[in-house]
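Text of protein_17.txt (compact mmCIF, C-alpha atoms) as supplied:
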```txt
# COMPACT_ATOMS: atom_id res chain seq x y z
CA SER N 1 -11.83 -65.65 4.61
CA SER N 2 -12.12 -63.67 7.84
CA LEU N 3 -11.28 -60.37 6.10
CA ASP N 4 -13.11 -58.86 3.16
CA TYR N 5 -11.50 -57.39 0.01
CA PHE N 6 -10.84 -54.09 1.77
CA GLY N 7 -9.29 -55.70 4.86
CA ARG N 8 -12.34 -55.15 7.05
CA TRP N 9 -12.93 -57.65 9.84
CA LYS N 10 -15.72 -60.18 9.40
CA ALA N 11 -17.40 -62.00 12.29
CA LEU N 12 -14.89 -64.86 12.00
CA HIS N 13 -11.95 -62.53 12.65
CA TYR N 14 -13.48 -61.31 15.91
CA ALA N 15 -14.28 -64.90 16.90
CA ALA N 16 -10.69 -65.94 16.14
CA ARG N 17 -9.34 -63.24 18.44
CA ARG N 18 -11.54 -64.64 21.19
CA PHE N 19 -10.70 -68.31 20.71
CA PHE N 20 -6.96 -67.56 20.50
CA ALA N 21 -7.03 -65.65 23.80
CA PRO N 22 -4.27 -66.69 26.26
CA VAL N 23 -6.97 -67.79 28.74
CA LEU N 24 -10.04 -69.25 27.05
CA LEU N 25 -13.40 -70.06 28.61
CA SER N 26 -15.39 -72.70 26.74
CA ILE N 27 -18.58 -74.71 27.13
CA GLU N 28 -19.00 -78.34 26.10
CA ASP N 29 -22.60 -78.06 24.99
CA ASP N 30 -24.47 -81.34 25.48
CA PRO N 31 -28.01 -80.23 26.36
CA PRO N 32 -29.22 -80.30 29.05
CA ARG N 33 -25.66 -80.84 30.36
CA GLN N 34 -23.20 -77.94 30.17
CA GLY N 35 -19.51 -78.59 30.80
CA VAL N 36 -17.31 -75.58 31.55
CA TYR N 37 -13.57 -75.57 30.80
CA VAL N 38 -10.69 -73.10 30.98
CA THR N 39 -7.77 -73.41 28.57
CA ASN N 40 -4.67 -71.63 29.85
CA ASP N 41 -1.95 -71.12 27.21
CA GLN N 42 0.22 -69.08 29.57
CA ARG N 43 3.31 -70.37 31.34
CA GLN N 44 1.89 -69.50 34.74
CA ALA N 45 -1.27 -70.68 36.47
CA TRP N 46 -4.41 -68.55 36.26
CA GLN N 47 -6.69 -67.90 39.23
CA GLY N 48 -10.12 -66.36 39.24
CA SER N 49 -13.74 -67.39 39.59
CA LEU N 50 -16.58 -68.78 37.51
CA ARG N 51 -20.08 -67.34 37.68
CA TRP N 52 -22.78 -69.29 35.89
CA SER N 53 -26.53 -69.08 35.51
CA LEU N 54 -29.48 -70.60 33.70
CA GLU N 55 -31.80 -67.78 32.68
CA THR N 56 -34.74 -66.98 30.47
CA LEU N 57 -33.99 -64.86 27.42
CA GLU N 58 -35.56 -61.95 29.34
CA GLY N 59 -33.12 -62.37 32.24
CA ALA N 60 -35.13 -64.24 34.89
CA VAL N 61 -32.67 -66.52 36.74
CA LEU N 62 -33.77 -70.13 37.26
CA VAL N 63 -30.58 -71.33 38.94
CA ALA N 64 -27.09 -69.88 39.40
CA GLY N 65 -23.81 -70.41 41.21
CA ASP N 66 -20.13 -69.63 41.36
CA ALA N 67 -16.90 -71.54 41.84
CA PRO N 68 -13.20 -70.76 42.25
CA VAL N 69 -10.99 -71.41 39.22
CA TRP N 70 -7.38 -72.52 39.26
CA ALA N 71 -6.19 -73.23 35.72
CA ALA N 72 -2.83 -74.96 35.38
CA PRO N 73 -0.44 -73.54 32.77
CA LEU N 74 -0.38 -74.86 29.20
CA THR N 75 -3.39 -77.13 29.60
CA THR N 76 -7.19 -77.30 29.70
CA THR N 77 -8.89 -77.56 33.10
CA HIS N 78 -12.39 -78.95 33.59
CA ILE N 79 -14.19 -76.65 36.04
CA ASP N 80 -17.54 -78.41 36.35
CA THR N 81 -20.39 -79.97 34.40
CA PHE N 82 -23.91 -78.82 35.20
CA ASP N 83 -26.80 -81.20 34.61
CA LEU N 84 -29.82 -78.97 34.07
CA ALA N 85 -32.32 -81.71 33.22
CA GLY N 86 -34.47 -80.64 36.18
CA GLN N 87 -34.89 -77.11 34.82
CA VAL N 88 -34.83 -77.57 31.02
CA THR N 89 -37.96 -79.06 29.47
CA ASP N 90 -39.42 -79.41 25.99
CA ASP N 91 -41.77 -76.55 26.87
CA ASN N 92 -39.15 -73.99 27.90
CA ARG N 93 -35.95 -74.93 26.02
CA ARG N 94 -36.55 -72.30 23.34
CA ARG N 95 -36.63 -69.56 25.99
CA LEU N 96 -33.51 -70.46 28.00
CA ILE N 97 -29.83 -69.52 27.94
CA PHE N 98 -26.86 -70.89 29.90
CA ILE N 99 -24.29 -68.21 30.75
CA ALA N 100 -20.75 -68.79 32.00
CA GLU N 101 -18.53 -65.86 33.01
CA MET N 102 -14.92 -65.85 34.13
CA TRP N 103 -13.90 -63.14 36.61
CA GLN N 104 -10.60 -61.95 38.03
CA ASP N 105 -9.98 -59.05 40.44
CA GLY N 106 -13.52 -57.75 40.03
CA ARG N 107 -13.34 -57.70 36.23
CA MET N 108 -15.08 -60.01 33.80
CA VAL N 109 -12.43 -61.67 31.62
CA ALA N 110 -14.66 -63.76 29.35
CA ARG N 111 -18.25 -64.79 28.78
CA GLN N 112 -19.69 -67.77 26.92
CA THR N 113 -23.31 -68.62 26.22
CA ALA N 114 -25.07 -71.83 25.23
CA TYR N 115 -28.62 -72.62 24.20
CA PHE N 116 -30.97 -75.56 24.24
CA ALA N 117 -32.39 -75.02 20.76
CA PRO N 118 -30.96 -73.79 17.42
CA THR N 119 -30.92 -70.01 16.95
CA LYS N 120 -33.75 -70.15 14.41
CA HIS N 121 -35.96 -71.83 17.04
CA LEU N 122 -35.20 -69.45 19.92
CA GLU N 123 -38.15 -67.33 21.02
CA LEU N 124 -36.27 -64.07 20.55
CA VAL N 125 -38.02 -60.79 21.26
CA GLU N 126 -36.98 -57.23 20.52
CA PRO N 127 -33.91 -56.74 22.75
CA GLN N 128 -34.43 -52.96 22.91
CA LEU N 129 -30.73 -52.25 22.66
CA THR N 130 -29.43 -48.90 23.84
CA ALA N 131 -25.96 -47.54 23.06
CA THR N 132 -24.20 -44.70 24.88
CA CYS N 133 -21.06 -43.13 23.41
CA GLY N 134 -18.12 -41.68 25.29
CA GLY N 135 -14.34 -41.61 25.15
CA ASP N 136 -11.71 -39.03 24.27
CA ALA N 137 -10.45 -37.44 21.06
CA GLY N 138 -8.66 -40.59 19.96
CA GLN N 139 -11.03 -43.31 21.14
CA LEU N 140 -14.74 -44.02 21.01
CA ASP N 141 -16.34 -45.99 23.87
CA VAL N 142 -19.72 -47.56 23.19
CA ALA N 143 -21.71 -48.98 26.13
CA ILE N 144 -24.45 -51.35 24.95
CA ARG N 145 -27.28 -52.79 27.00
CA GLY N 146 -30.45 -54.70 26.21
CA ARG N 147 -33.66 -55.60 28.04
CA SER N 148 -33.62 -59.16 26.67
CA LEU N 149 -31.05 -61.38 24.95
CA ALA N 150 -29.42 -59.83 21.88
CA ARG N 151 -27.99 -62.68 19.80
CA LEU N 152 -24.82 -61.85 17.87
CA VAL N 153 -24.69 -58.08 18.31
CA GLU N 154 -23.14 -56.29 15.35
CA ILE N 155 -21.71 -52.78 15.75
CA SER N 156 -20.67 -50.51 12.90
CA LEU N 157 -19.98 -46.87 12.10
CA GLU N 158 -21.69 -45.82 8.92
CA GLY N 159 -19.19 -44.13 6.63
CA ALA N 160 -16.07 -45.42 8.43
CA ASP N 161 -14.09 -48.65 8.63
CA VAL N 162 -12.90 -49.34 12.17
CA VAL N 163 -11.82 -52.36 14.19
CA PHE N 164 -13.76 -52.69 17.44
CA SER N 165 -12.42 -54.27 20.64
CA ASP N 166 -15.19 -56.86 20.19
CA ASN N 167 -18.05 -57.49 17.81
CA TYR N 168 -20.59 -60.18 16.90
CA PHE N 169 -21.13 -61.26 20.50
CA ASP N 170 -24.14 -62.39 22.54
CA LEU N 171 -25.43 -59.85 25.05
CA PRO N 172 -27.64 -61.42 27.75
CA ALA N 173 -30.48 -59.41 29.27
CA GLY N 174 -29.60 -56.70 31.78
CA ARG N 175 -25.85 -56.75 31.18
CA THR N 176 -23.75 -53.93 29.78
CA VAL N 177 -20.84 -54.42 27.40
CA THR N 178 -18.47 -51.56 26.58
CA VAL N 179 -16.77 -51.78 23.19
CA THR N 180 -14.03 -49.43 22.04
CA CYS N 181 -12.59 -48.38 18.69
CA PRO N 182 -10.36 -45.62 17.33
CA ARG N 183 -12.37 -42.48 16.67
CA PRO N 184 -12.20 -41.73 12.91
CA ALA N 185 -9.89 -38.79 12.17
CA GLY N 186 -11.70 -35.48 12.37
CA TRP N 187 -14.91 -36.96 13.77
CA THR N 188 -16.70 -35.40 16.71
CA GLN N 189 -18.56 -37.48 19.27
CA SER N 190 -21.82 -36.20 17.82
CA GLN N 191 -20.84 -37.47 14.36
CA ALA N 192 -19.92 -40.86 15.80
CA GLU N 193 -23.23 -41.12 17.65
CA LYS N 194 -25.19 -40.38 14.48
CA ALA N 195 -23.15 -42.92 12.48
CA LEU N 196 -23.39 -45.69 15.09
CA ARG N 197 -25.42 -48.73 14.07
CA VAL N 198 -26.19 -51.59 16.48
CA ARG N 199 -28.25 -54.62 15.48
CA SER N 200 -28.62 -58.30 16.28
CA VAL N 201 -30.11 -61.49 14.87
CA TYR N 202 -33.56 -60.22 15.84
CA ASP N 203 -33.23 -57.45 13.23
CA SER N 204 -32.71 -60.02 10.46
CA PHE N 205 -36.21 -61.48 10.83
```

Would you mind writing the file's structure down as structure tokens?
Amino acid sequence: SSLDYFGRWKALHYAARRFFAPVLLSIEDDPPRQGVYVTNDQRQAWQGSLRWSLETLEGAVLVAGDAPVWAAPLTTTHIDTFDLAGQVTDDNRRRLIFIAEMWQDGRMVARQTAYFAPTKHLELVEPQLTATCGGDAGQLDVAIRGRSLARLVEISLEGADVVFSDNYFDLPAGRTVTVTCPRPAGWTQSQAEKALRVRSVYDSF
């Protein structure tokens, strides 16, 4: 079940919204090889660009690049496969992340991440997440940023059930993600800030 008894969204429901997106970015994870694909379920072609990088969990870039993307309608397009055997070793695989981002008109459309070790073996450190609230009377905007990788970020408002624009996502080091939700009726921004809870896999240790 992707919804609980009260109709609240579980992690699966947020993941389903992402993998049913009209234009889907995906990674064929075959360490140290990473194949990047775009699935376009629209009736028209999609054009944009791919930005990719191999980084440490703290955000140091080992290698990176970009490529144009032209995704034919109603099919899956192979963008490229990156063989990272020269950079990924037994000594560093627990500290690395592969990041693929799809951009269009200066806006990031999708991000996918892949790892070279199971989550329980990653050398995660405290991501030092910060969250800044904004928005208007009807909407709450939450900008989240971390100093190192935050694996599977979970956002919640204590005392309220809301559906966020995204949740349970990976947040690589140094990047900012802005998530929105309806502001609970009668709540002030100050109330929302006090009720906001942000955590990640690191907090489950």

> Interatomic distance between atom CA of N:Ile99 and atom CA of N:Thr39?
Replying inline: 17.5 Å

Listing only residues of stretch 55-158 of chain N within 6 Å of stretch 197-200 of chain N, what is the closest atom pair and its distance in Å (to one decimal) for each, using all atoms listed in the file, sorted by chain and residue number ascending, as a Markdown table?
```
| residue | atom | partner | partner_atom | distance |
| --- | --- | --- | --- | --- |
| N:Ala150 | CA | N:Ser200 | CA | 5.9 |
| N:Arg151 | CA | N:Ser200 | CA | 5.7 |
| N:Leu152 | CA | N:Ser200 | CA | 5.4 |
| N:Val153 | CA | N:Ser200 | CA | 4.4 |
| N:Glu154 | CA | N:Arg199 | CA | 5.4 |
| N:Ile155 | CA | N:Val198 | CA | 4.7 |
| N:Ser156 | CA | N:Arg197 | CA | 5.2 |
```

> What is the atom CA of N:Ser165 to atom CA of N:Glu126 distance in Å?
Replying inline: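 We find that atom CA of N:Ser165 and atom CA of N:Glu126 lie 24.7 Å from each other.
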
> Quick one: distance from atom CA of N:Leu54 to atom CA of N:Arg18 in Å, one decimal?
Replying inline: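 Straight-line distance from atom CA of N:Leu54 to atom CA of N:Arg18 works out to 22.7 Å.
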
> At most 9 Å from (-13.8, -63.1, 28.2), file frame, only C-alpha atoms: which residues, as JSON, numbers by chain?
Replying inline: {"N": [18, 21, 23, 24, 25, 101, 102, 103, 108, 109, 110, 111, 112]}

>> Could you list, as a ChimeraX atom specification, every residue within 10 Å of N:Gly146, counting only C-alpha atoms and ignoring same-chain residues fewer than 4 positions away?
In response: /N:58,126-131,150,171-177

> Pick from N:Val125, N:Leu140, N:Ala11, N:Ala45: nearest to N:Ala192, with only C-alpha atoms counted?
Replying inline: N:Leu140

>> Which residues are close to N:His121, i.e. within 10 Å by all atoms listed in the file, leaving aside same-chain residues fewer than 6 positions away? Reply as a PyMOL selection string.
In response: chain N and resi 93-95

Produce the centre coordinates and the three edge lengths, each in Å to one decimal, of the box along x, y and z that contains all listed atoms of stretch 5-21 of chain N with 8 Å added on each side, as JSON.
```
{"center_x": -12.2, "center_y": -61.2, "center_z": 11.9, "size_x": 26.4, "size_y": 30.2, "size_z": 39.8}
```

>> At a cut-off of 9 Å, using only C-alpha atoms, what residues contact N:Val162? Leave out same-chain residues fewer than 4 positions from it and give the result as number ranges by chain.
In response: N: 8-9, 156-157, 181-184
